[in-house]
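Everything below belongs to data.csv, which stores CSV, C-alpha atoms.
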chain,number,residue,atom,x,y,z
A,1,MET,CA,7.6,26.1,72.4
A,2,THR,CA,9.9,23.4,73.9
A,3,LYS,CA,8.8,21.8,77.2
A,4,LYS,CA,10.6,21.8,80.4
A,5,ALA,CA,8.2,20.2,82.8
A,6,LEU,CA,5.4,17.6,83.0
A,7,PHE,CA,2.7,18.2,85.7
A,8,PHE,CA,0.9,14.9,86.5
A,9,ASP,CA,-2.5,14.5,88.1
A,10,LEU,CA,-2.6,11.5,90.5
A,11,ASP,CA,-6.1,10.0,90.9
A,12,GLY,CA,-7.3,8.3,87.8
A,13,SER,CA,-4.1,9.4,86.0
A,14,LEU,CA,-0.9,7.8,87.5
A,15,VAL,CA,-3.0,5.7,89.9
A,16,GLY,CA,-6.3,4.2,89.0
A,17,MET,CA,-9.4,5.3,90.9
A,18,LYS,CA,-12.9,3.9,91.1
A,19,LEU,CA,-14.1,7.3,92.2
A,20,GLU,CA,-17.5,6.5,93.8
A,21,GLU,CA,-16.1,3.4,95.6
A,22,PHE,CA,-13.1,5.3,96.8
A,23,VAL,CA,-15.1,8.3,98.2
A,24,GLN,CA,-17.5,5.9,100.0
A,25,GLY,CA,-14.7,3.8,101.4
A,26,TYR,CA,-12.7,6.9,102.5
A,27,LEU,CA,-15.6,8.4,104.4
A,28,GLN,CA,-16.5,5.1,106.0
A,29,THR,CA,-13.0,4.3,107.1
A,30,ILE,CA,-12.1,7.7,108.4
A,31,SER,CA,-15.4,7.9,110.3
A,32,ALA,CA,-14.8,4.5,111.9
A,33,SER,CA,-11.2,5.4,112.8
A,34,MET,CA,-12.1,8.8,114.4
A,35,ALA,CA,-15.2,7.7,116.3
A,36,PRO,CA,-13.2,6.6,119.4
A,37,TYR,CA,-11.8,10.1,119.7
A,38,GLY,CA,-15.2,11.8,119.9
A,39,PHE,CA,-15.9,12.5,116.2
A,40,GLU,CA,-19.5,11.4,115.5
A,41,SER,CA,-19.7,10.0,111.9
A,42,LYS,CA,-22.4,12.2,110.3
A,43,THR,CA,-21.0,15.5,111.7
A,44,LEU,CA,-17.4,14.5,110.7
A,45,VAL,CA,-18.4,13.8,107.1
A,46,GLN,CA,-20.3,17.1,106.9
A,47,THR,CA,-17.3,18.9,108.3
A,48,ILE,CA,-15.0,17.3,105.9
A,49,TYR,CA,-17.2,18.4,103.0
A,50,ARG,CA,-17.3,21.9,104.4
A,51,GLY,CA,-13.6,21.9,104.8
A,52,MET,CA,-13.1,20.9,101.2
A,53,ALA,CA,-15.4,23.7,100.1
A,54,ALA,CA,-13.3,26.1,102.2
A,55,MET,CA,-10.1,25.0,100.6
A,56,ASN,CA,-11.6,26.0,97.2
A,57,HIS,CA,-12.6,29.5,98.4
A,58,HIS,CA,-10.4,31.2,101.0
A,59,ASP,CA,-8.0,34.0,101.6
A,60,PRO,CA,-4.9,33.2,99.5
A,61,ALA,CA,-2.7,34.2,102.4
A,62,LEU,CA,-3.8,30.9,104.0
A,63,THR,CA,-2.7,27.5,103.0
A,64,ASN,CA,-5.3,24.9,102.2
A,65,GLU,CA,-4.5,23.2,105.4
A,66,GLU,CA,-5.1,26.4,107.4
A,67,ALA,CA,-8.4,26.9,105.6
A,68,PHE,CA,-9.5,23.3,106.4
A,69,LEU,CA,-8.3,23.5,110.0
A,70,ASN,CA,-10.4,26.7,110.5
A,71,VAL,CA,-13.5,24.8,109.6
A,72,MET,CA,-12.5,22.0,112.0
A,73,LYS,CA,-12.1,24.6,114.8
A,74,GLU,CA,-15.5,26.2,114.0
A,75,GLN,CA,-17.1,22.8,114.4
A,76,TYR,CA,-15.2,21.3,117.2
A,77,GLY,CA,-13.5,24.2,119.0
A,78,PRO,CA,-9.8,25.2,119.0
A,79,GLU,CA,-8.9,22.2,121.1
A,80,VAL,CA,-9.4,20.0,117.9
A,81,VAL,CA,-5.8,20.9,117.0
A,82,GLU,CA,-4.7,18.5,119.8
A,83,LYS,CA,-6.6,15.7,118.1
A,84,MET,CA,-5.3,16.2,114.5
A,85,PRO,CA,-2.4,13.6,115.1
A,86,TYR,CA,-5.2,11.0,115.2
A,87,PHE,CA,-6.1,11.9,111.6
A,88,GLU,CA,-2.4,11.5,110.6
A,89,ASP,CA,-2.4,8.0,112.3
A,90,TYR,CA,-5.5,7.1,110.2
A,91,TYR,CA,-3.6,7.9,106.9
A,92,HIS,CA,-0.8,5.6,108.1
A,93,THR,CA,-3.2,2.7,108.9
A,94,ASP,CA,-6.8,2.3,108.0
A,95,PHE,CA,-6.6,4.6,104.9
A,96,ASN,CA,-4.8,1.8,103.2
A,97,LEU,CA,-8.1,-0.2,103.3
A,98,ASN,CA,-9.1,1.9,100.3
A,99,GLN,CA,-6.2,0.6,98.1
A,100,GLN,CA,-8.7,-1.9,96.6
A,101,HIS,CA,-10.4,1.1,94.8
A,102,CYS,CA,-7.1,2.4,93.3
A,103,PRO,CA,-5.5,-0.2,91.0
A,104,LYS,CA,-2.0,0.2,89.5
A,105,ILE,CA,-1.8,1.7,86.0
A,106,PRO,CA,0.6,-0.1,83.8
A,107,LEU,CA,3.3,2.1,82.2
A,108,ALA,CA,2.8,5.0,84.7
A,109,HIS,CA,6.4,4.5,86.0
A,110,GLU,CA,7.7,4.2,82.5
A,111,VAL,CA,6.1,7.6,81.5
A,112,ILE,CA,7.8,9.3,84.4
A,113,GLU,CA,11.1,7.7,83.6
A,114,LYS,CA,10.8,8.7,79.9
A,115,ALA,CA,10.1,12.3,80.9
A,116,LYS,CA,13.1,12.4,83.2
A,117,GLU,CA,15.3,10.7,80.5
A,118,LYS,CA,14.4,13.6,78.2
A,119,GLY,CA,15.4,16.1,80.9
A,120,LEU,CA,11.9,17.1,81.8
A,121,MET,CA,11.0,18.1,85.4
A,122,THR,CA,8.3,15.8,86.8
A,123,ILE,CA,5.8,17.4,89.2
A,124,LEU,CA,2.9,15.7,90.9
A,125,ALA,CA,0.1,18.2,90.5
A,126,THR,CA,-2.7,16.5,92.4
A,127,ASN,CA,-5.6,18.5,93.7
A,128,PRO,CA,-4.2,19.6,97.1
A,129,VAL,CA,-7.1,18.8,99.4
A,130,PHE,CA,-5.3,16.0,101.2
A,131,PRO,CA,-2.3,16.0,103.6
A,132,ARG,CA,1.1,14.9,102.2
A,133,ILE,CA,0.9,11.5,103.9
A,134,ALA,CA,-2.4,10.6,102.1
A,135,ILE,CA,-0.8,11.5,98.8
A,136,GLU,CA,2.3,9.4,99.6
A,137,ARG,CA,0.0,6.4,100.5
A,138,ARG,CA,-1.8,6.7,97.1
A,139,LEU,CA,1.5,6.9,95.2
A,140,ALA,CA,2.6,3.7,97.0
A,141,TRP,CA,-0.6,1.9,95.9
A,142,GLY,CA,0.4,2.7,92.3
A,143,GLY,CA,3.9,1.4,92.8
A,144,LEU,CA,5.4,5.0,92.7
A,145,LYS,CA,7.7,6.9,95.0
A,146,PRO,CA,7.7,10.6,96.1
A,147,GLU,CA,11.3,11.0,95.0
A,148,GLU,CA,10.2,10.5,91.4
A,149,PHE,CA,8.9,14.1,91.5
A,150,ALA,CA,10.6,17.4,92.0
A,151,TRP,CA,7.5,18.7,93.8
A,152,ILE,CA,4.3,17.3,95.2
A,153,THR,CA,1.4,19.5,95.9
A,154,SER,CA,-0.5,18.9,99.1
A,155,TYR,CA,-2.8,20.9,101.4
A,156,GLU,CA,0.2,21.9,103.5
A,157,ASN,CA,2.1,23.7,100.7
A,158,SER,CA,-0.7,25.0,98.4
A,159,HIS,CA,-2.9,28.1,98.5
A,160,PHE,CA,-5.3,27.2,95.7
A,161,CYS,CA,-7.2,24.2,94.3
A,162,LYS,CA,-8.0,22.9,90.9
A,163,PRO,CA,-9.4,24.2,88.6
A,164,ASP,CA,-8.2,27.7,89.7
A,165,PRO,CA,-5.4,28.7,87.2
A,166,ARG,CA,-3.6,30.2,90.2
A,167,TYR,CA,-3.1,26.7,91.5
A,168,TYR,CA,-1.1,25.8,88.4
A,169,MET,CA,0.7,29.1,88.3
A,170,GLU,CA,1.8,28.8,92.0
A,171,ILE,CA,3.8,25.7,91.0
A,172,ALA,CA,5.1,27.2,87.8
A,173,ASP,CA,6.3,30.3,89.6
A,174,ARG,CA,8.0,28.3,92.3
A,175,PHE,CA,10.3,26.8,89.6
A,176,GLY,CA,10.5,29.7,87.3
A,177,LEU,CA,8.6,28.0,84.5
A,178,LYS,CA,6.6,29.7,81.8
A,179,PRO,CA,3.1,28.3,81.2
A,180,GLU,CA,4.0,27.3,77.6
A,181,GLU,CA,6.9,25.2,78.9
A,182,ILE,CA,4.6,22.9,80.8
A,183,LEU,CA,2.5,19.9,79.8
A,184,MET,CA,-0.3,19.0,82.2
A,185,VAL,CA,-1.5,15.4,82.2
A,186,GLY,CA,-4.8,14.5,83.8
A,187,ASN,CA,-8.1,12.7,83.4
A,188,ASP,CA,-10.6,15.4,84.5
A,189,LEU,CA,-11.2,18.3,82.1
A,190,ASN,CA,-13.3,20.1,84.7
A,191,GLU,CA,-10.3,20.3,86.9
A,192,ASP,CA,-7.4,20.2,84.5
A,193,TYR,CA,-8.7,22.7,82.1
A,194,GLY,CA,-7.5,25.2,84.7
A,195,ALA,CA,-4.0,24.5,83.3
A,196,VAL,CA,-5.1,25.5,79.9
A,197,ALA,CA,-6.6,28.7,81.3
A,198,ALA,CA,-3.2,29.3,82.8
A,199,GLY,CA,-1.6,29.0,79.3
A,200,MET,CA,-0.3,25.4,79.6
A,201,ASP,CA,-0.8,22.5,77.2
A,202,LEU,CA,-2.8,19.5,78.2
A,203,PHE,CA,-2.8,15.7,77.5
A,204,VAL,CA,-6.0,13.9,78.6
A,205,LEU,CA,-5.8,10.4,79.9
A,206,THR,CA,-8.9,8.4,79.0
A,207,GLU,CA,-8.6,5.1,80.9
A,208,TYR,CA,-10.2,6.7,83.9
A,209,LEU,CA,-11.7,9.7,82.2
A,210,ILE,CA,-14.1,11.7,84.4
A,211,GLU,CA,-17.2,11.9,82.2
A,212,ASN,CA,-18.8,15.4,82.3
A,213,LYS,CA,-20.1,18.1,80.0
A,214,THR,CA,-16.6,19.5,79.6
A,215,SER,CA,-15.1,16.2,78.6
A,216,SER,CA,-17.9,15.6,76.1
A,217,SER,CA,-17.5,19.0,74.4
A,218,LEU,CA,-13.7,19.5,74.7
A,219,LEU,CA,-11.9,16.2,74.7
A,220,ASP,CA,-11.2,16.2,70.9
A,221,SER,CA,-9.6,19.6,71.3
A,222,PHE,CA,-6.6,18.1,73.1
A,223,PRO,CA,-4.3,15.2,72.6
A,224,HIS,CA,-5.7,12.2,74.5
A,225,GLY,CA,-5.6,8.5,74.9
A,226,SER,CA,-4.1,5.7,77.1
A,227,MET,CA,-1.0,5.7,79.1
A,228,ALA,CA,0.7,4.0,76.2
A,229,ASP,CA,-0.4,6.9,74.0
A,230,LEU,CA,1.0,9.3,76.5
A,231,LEU,CA,4.3,7.4,76.6
A,232,ALA,CA,4.6,7.8,72.8
A,233,TYR,CA,3.6,11.5,73.1
A,234,VAL,CA,6.2,12.3,75.7
A,235,ASP,CA,8.8,10.5,73.7
A,236,GLN,CA,8.3,12.9,70.8
A,237,LEU,CA,8.1,16.1,72.8
A,238,GLU,CA,10.6,18.8,72.0
A,239,VAL,CA,12.7,19.7,75.0
Could I get this structure in the form of structure tokens?
Amino acid sequence: MTKKALFFDLDGSLVGMKLEEFVQGYLQTISASMAPYGFESKTLVQTIYRGMAAMNHHDPALTNEEAFLNVMKEQYGPEVVEKMPYFEDYYHTDFNLNQQHCPKIPLAHEVIEKAKEKGLMTILATNPVFPRIAIERRLAWGGLKPEEFAWITSYENSHFCKPDPRYYMEIADRFGLKPEEILMVGNDLNEDYGAVAAGMDLFVLTEYLIENKTSSSLLDSFPHGSMADLLAYVDQLEV
């Protein structure tokens, strides 16, 4: 089946990520930034984790943002809505302190350009547990721009998370794509295998491969390699 679209993961795929360092830095910087507004550090971190869990298991009628905000309201009361702009300010400012944990990946831009030259739709299929501004910041760290993609998933516009196959199908349905017309590109088989379960093909990037039982047992079942290997793979795709 010829391909019509490439779905790209972001963290560890188009932009490098030292995962443990990033998570630690993220929680430290957001806690420090929110403390002046009455968000005690330990409680905030626990609430963020609860919110992330809620985004993975909630009524599909809700967006991920709404599921997260419900957890924030449960912890801090409905008036927390008035303080949410402070979180957006954080993503414009101190969130950028975490750029050191997310190095640029050579050839990422070239792969996107090659896909577009071939007439393929390029979609940023990052796990939608962050607001759009946080995703745009991470793209910028990698030297990439939002306009390079026809669609970017974020917690505002998504109703599911990886690895739920419904996450992948929500994007496909939006653009009238059949699963077999899509190639998913990612570095975490635990999350991106959901695309395979939805009927899509998968290329696994190995430069920042997330090591887990799934990657150990299934990596050789899929085309995989470096960004240079992906560039060559995209070049020979039938479209």
Report as JSON lines the residues of region 93-138 of chain A within 9 Å of region 205-229 of chain A, each with its shortest atom pair and distance in Å (one decimal), using only C-alpha atoms, ordered by chain and increasing residue number.
{"residue": "A:Ile105", "atom": "CA", "partner": "A:Met227", "partner_atom": "CA", "distance": 8.0}
{"residue": "A:Pro106", "atom": "CA", "partner": "A:Met227", "partner_atom": "CA", "distance": 7.6}
{"residue": "A:Leu107", "atom": "CA", "partner": "A:Met227", "partner_atom": "CA", "distance": 6.4}
{"residue": "A:Ala108", "atom": "CA", "partner": "A:Met227", "partner_atom": "CA", "distance": 6.8}
{"residue": "A:Val111", "atom": "CA", "partner": "A:Met227", "partner_atom": "CA", "distance": 7.7}
Can I get the residues of region 26-142 of chain A within 6 Å of region 3-20 of chain A, each with the closest pair of atoms and their distance in Å to one decimal, using only C-alpha atoms, sorted chain first then ascending number, as JSON lines?
{"residue": "A:His101", "atom": "CA", "partner": "A:Lys18", "partner_atom": "CA", "distance": 5.3}
{"residue": "A:Cys102", "atom": "CA", "partner": "A:Met17", "partner_atom": "CA", "distance": 4.4}
{"residue": "A:Pro103", "atom": "CA", "partner": "A:Gly16", "partner_atom": "CA", "distance": 4.9}
{"residue": "A:Lys104", "atom": "CA", "partner": "A:Val15", "partner_atom": "CA", "distance": 5.6}
{"residue": "A:Ile105", "atom": "CA", "partner": "A:Val15", "partner_atom": "CA", "distance": 5.7}
{"residue": "A:Ala108", "atom": "CA", "partner": "A:Leu14", "partner_atom": "CA", "distance": 5.4}
{"residue": "A:Leu120", "atom": "CA", "partner": "A:Ala5", "partner_atom": "CA", "distance": 4.9}
{"residue": "A:Met121", "atom": "CA", "partner": "A:Ala5", "partner_atom": "CA", "distance": 4.4}
{"residue": "A:Thr122", "atom": "CA", "partner": "A:Leu6", "partner_atom": "CA", "distance": 5.1}
{"residue": "A:Ile123", "atom": "CA", "partner": "A:Phe7", "partner_atom": "CA", "distance": 4.7}
{"residue": "A:Leu124", "atom": "CA", "partner": "A:Phe8", "partner_atom": "CA", "distance": 4.9}
{"residue": "A:Ala125", "atom": "CA", "partner": "A:Asp9", "partner_atom": "CA", "distance": 5.1}
{"residue": "A:Thr126", "atom": "CA", "partner": "A:Asp9", "partner_atom": "CA", "distance": 4.7}
{"residue": "A:Gly142", "atom": "CA", "partner": "A:Val15", "partner_atom": "CA", "distance": 5.1}
(message) Please list as a list in words every residue within 10 Å of Met1 (chain A), counting only C-alpha atoms and excluding residues in the same chain fewer than 5 positions away.
(response)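 Result of the neighbour search: Glu180, Glu181, Ile182, Glu238 and Val239 of chain A.
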(request) Measure the distance from CA of Val80 (chain A) to CA of Gln46 (chain A) in Å and round it to one decimal. (result) 15.8 Å
(message) With all atoms listed in the file as the counted atoms, please give the residues lying no more than 9 Å from region 151-164 of chain A, apart from itself and same-chain residues fewer than 2 positions off, as a VMD selection string.
(response) chain A and resid 55 to 66 68 122 to 133 135 146 to 149 166 to 168 170 to 171 189 to 195 197 to 198
(request) Tell me which protein, DNA and RNA residues are within 7 Å of Thr29 (chain A), counting only C-alpha atoms, leaving out same-chain ones fewer than 3 positions away, and put them as a count of residues only. (result) 6
(message) Could you tell me how far CA of Met52 (chain A) sits from CA of Met184 (chain A), in Å to one decimal place?
(response)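 One can read the CA of Met184 (chain A) to CA of Met52 (chain A) distance as 23.0 Å.
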(message) Could you check the closest approach to Glu74 (chain A) for each of A:Tyr86, A:Lys116, A:Tyr233, A:Gly51 and tell me which residue wins, using all atoms listed in the file?
(response)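 That would be A:Gly51, the residue with the smallest distance to Glu74 (chain A).
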(request) Go ahead and compute the interatomic distance for CA of Trp141 (chain A) and CA of Val185 (chain A), in Å to one decimal. (result)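 That distance, rounded to one decimal, is 19.3 Å.
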Residue rebuild result region 161-180 of chain A, N, CA, C and O atoms as a PDB file, keeping the file's coordinate frame:
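This went into selection-v6.pdb:
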ATOM      1  N   CYS A 161      -6.766  25.505  94.764  1.00  0.00           N
ATOM      2  CA  CYS A 161      -7.200  24.200  94.300  1.00  0.00           C
ATOM      3  C   CYS A 161      -7.486  24.185  92.838  1.00  0.00           C
ATOM      4  O   CYS A 161      -7.701  25.247  92.250  1.00  0.00           O
ATOM      5  N   LYS A 162      -7.537  23.020  92.244  1.00  0.00           N
ATOM      6  CA  LYS A 162      -8.000  22.900  90.900  1.00  0.00           C
ATOM      7  C   LYS A 162      -9.521  23.240  90.886  1.00  0.00           C
ATOM      8  O   LYS A 162     -10.216  22.924  91.854  1.00  0.00           O
ATOM      9  N   PRO A 163     -10.064  23.869  89.864  1.00  0.00           N
ATOM     10  CA  PRO A 163      -9.400  24.200  88.600  1.00  0.00           C
ATOM     11  C   PRO A 163      -8.882  25.653  88.523  1.00  0.00           C
ATOM     12  O   PRO A 163      -8.619  26.145  87.443  1.00  0.00           O
ATOM     13  N   ASP A 164      -8.699  26.297  89.658  1.00  0.00           N
ATOM     14  CA  ASP A 164      -8.200  27.700  89.700  1.00  0.00           C
ATOM     15  C   ASP A 164      -6.861  27.770  88.969  1.00  0.00           C
ATOM     16  O   ASP A 164      -5.904  27.083  89.356  1.00  0.00           O
ATOM     17  N   PRO A 165      -6.743  28.578  87.937  1.00  0.00           N
ATOM     18  CA  PRO A 165      -5.400  28.700  87.200  1.00  0.00           C
ATOM     19  C   PRO A 165      -4.315  29.119  88.171  1.00  0.00           C
ATOM     20  O   PRO A 165      -3.150  28.811  87.913  1.00  0.00           O
ATOM     21  N   ARG A 166      -4.656  29.790  89.267  1.00  0.00           N
ATOM     22  CA  ARG A 166      -3.600  30.200  90.200  1.00  0.00           C
ATOM     23  C   ARG A 166      -2.961  28.990  90.880  1.00  0.00           C
ATOM     24  O   ARG A 166      -1.800  29.076  91.305  1.00  0.00           O
ATOM     25  N   TYR A 167      -3.684  27.883  90.973  1.00  0.00           N
ATOM     26  CA  TYR A 167      -3.100  26.700  91.500  1.00  0.00           C
ATOM     27  C   TYR A 167      -1.902  26.236  90.627  1.00  0.00           C
ATOM     28  O   TYR A 167      -0.806  25.935  91.122  1.00  0.00           O
ATOM     29  N   TYR A 168      -2.129  26.208  89.326  1.00  0.00           N
ATOM     30  CA  TYR A 168      -1.100  25.800  88.400  1.00  0.00           C
ATOM     31  C   TYR A 168       0.053  26.803  88.334  1.00  0.00           C
ATOM     32  O   TYR A 168       1.224  26.436  88.267  1.00  0.00           O
ATOM     33  N   MET A 169      -0.291  28.075  88.392  1.00  0.00           N
ATOM     34  CA  MET A 169       0.700  29.100  88.300  1.00  0.00           C
ATOM     35  C   MET A 169       1.575  29.168  89.591  1.00  0.00           C
ATOM     36  O   MET A 169       2.741  29.555  89.545  1.00  0.00           O
ATOM     37  N   GLU A 170       1.004  28.795  90.725  1.00  0.00           N
ATOM     38  CA  GLU A 170       1.800  28.800  92.000  1.00  0.00           C
ATOM     39  C   GLU A 170       2.947  27.788  91.819  1.00  0.00           C
ATOM     40  O   GLU A 170       4.065  28.064  92.268  1.00  0.00           O
ATOM     41  N   ILE A 171       2.687  26.646  91.181  1.00  0.00           N
ATOM     42  CA  ILE A 171       3.800  25.700  91.000  1.00  0.00           C
ATOM     43  C   ILE A 171       4.766  26.203  89.960  1.00  0.00           C
ATOM     44  O   ILE A 171       5.976  26.125  90.169  1.00  0.00           O
ATOM     45  N   ALA A 172       4.255  26.714  88.836  1.00  0.00           N
ATOM     46  CA  ALA A 172       5.100  27.200  87.800  1.00  0.00           C
ATOM     47  C   ALA A 172       6.060  28.315  88.327  1.00  0.00           C
ATOM     48  O   ALA A 172       7.270  28.315  88.067  1.00  0.00           O
ATOM     49  N   ASP A 173       5.493  29.234  89.096  1.00  0.00           N
ATOM     50  CA  ASP A 173       6.300  30.300  89.600  1.00  0.00           C
ATOM     51  C   ASP A 173       7.358  29.839  90.601  1.00  0.00           C
ATOM     52  O   ASP A 173       8.467  30.395  90.655  1.00  0.00           O
ATOM     53  N   ARG A 174       7.055  28.808  91.341  1.00  0.00           N
ATOM     54  CA  ARG A 174       8.000  28.300  92.300  1.00  0.00           C
ATOM     55  C   ARG A 174       9.289  27.805  91.574  1.00  0.00           C
ATOM     56  O   ARG A 174      10.395  27.922  92.111  1.00  0.00           O
ATOM     57  N   PHE A 175       9.127  27.294  90.350  1.00  0.00           N
ATOM     58  CA  PHE A 175      10.300  26.800  89.600  1.00  0.00           C
ATOM     59  C   PHE A 175      10.702  27.633  88.438  1.00  0.00           C
ATOM     60  O   PHE A 175      11.522  27.216  87.620  1.00  0.00           O
ATOM     61  N   GLY A 176      10.147  28.837  88.361  1.00  0.00           N
ATOM     62  CA  GLY A 176      10.500  29.700  87.300  1.00  0.00           C
ATOM     63  C   GLY A 176      10.166  29.257  85.918  1.00  0.00           C
ATOM     64  O   GLY A 176      10.872  29.537  84.940  1.00  0.00           O
ATOM     65  N   LEU A 177       9.059  28.550  85.821  1.00  0.00           N
ATOM     66  CA  LEU A 177       8.600  28.000  84.500  1.00  0.00           C
ATOM     67  C   LEU A 177       7.562  28.913  83.900  1.00  0.00           C
ATOM     68  O   LEU A 177       6.698  29.471  84.592  1.00  0.00           O
ATOM     69  N   LYS A 178       7.642  29.042  82.583  1.00  0.00           N
ATOM     70  CA  LYS A 178       6.600  29.700  81.800  1.00  0.00           C
ATOM     71  C   LYS A 178       5.481  28.730  81.533  1.00  0.00           C
ATOM     72  O   LYS A 178       5.743  27.548  81.329  1.00  0.00           O
ATOM     73  N   PRO A 179       4.234  29.188  81.489  1.00  0.00           N
ATOM     74  CA  PRO A 179       3.100  28.300  81.200  1.00  0.00           C
ATOM     75  C   PRO A 179       3.316  27.421  79.972  1.00  0.00           C
ATOM     76  O   PRO A 179       3.019  26.217  79.963  1.00  0.00           O
ATOM     77  N   GLU A 180       3.826  28.052  78.909  1.00  0.00           N
ATOM     78  CA  GLU A 180       4.000  27.300  77.600  1.00  0.00           C
ATOM     79  C   GLU A 180       5.075  26.273  77.679  1.00  0.00           C
ATOM     80  O   GLU A 180       5.191  25.458  76.758  1.00  0.00           O
TER      81      GLU A 180
END
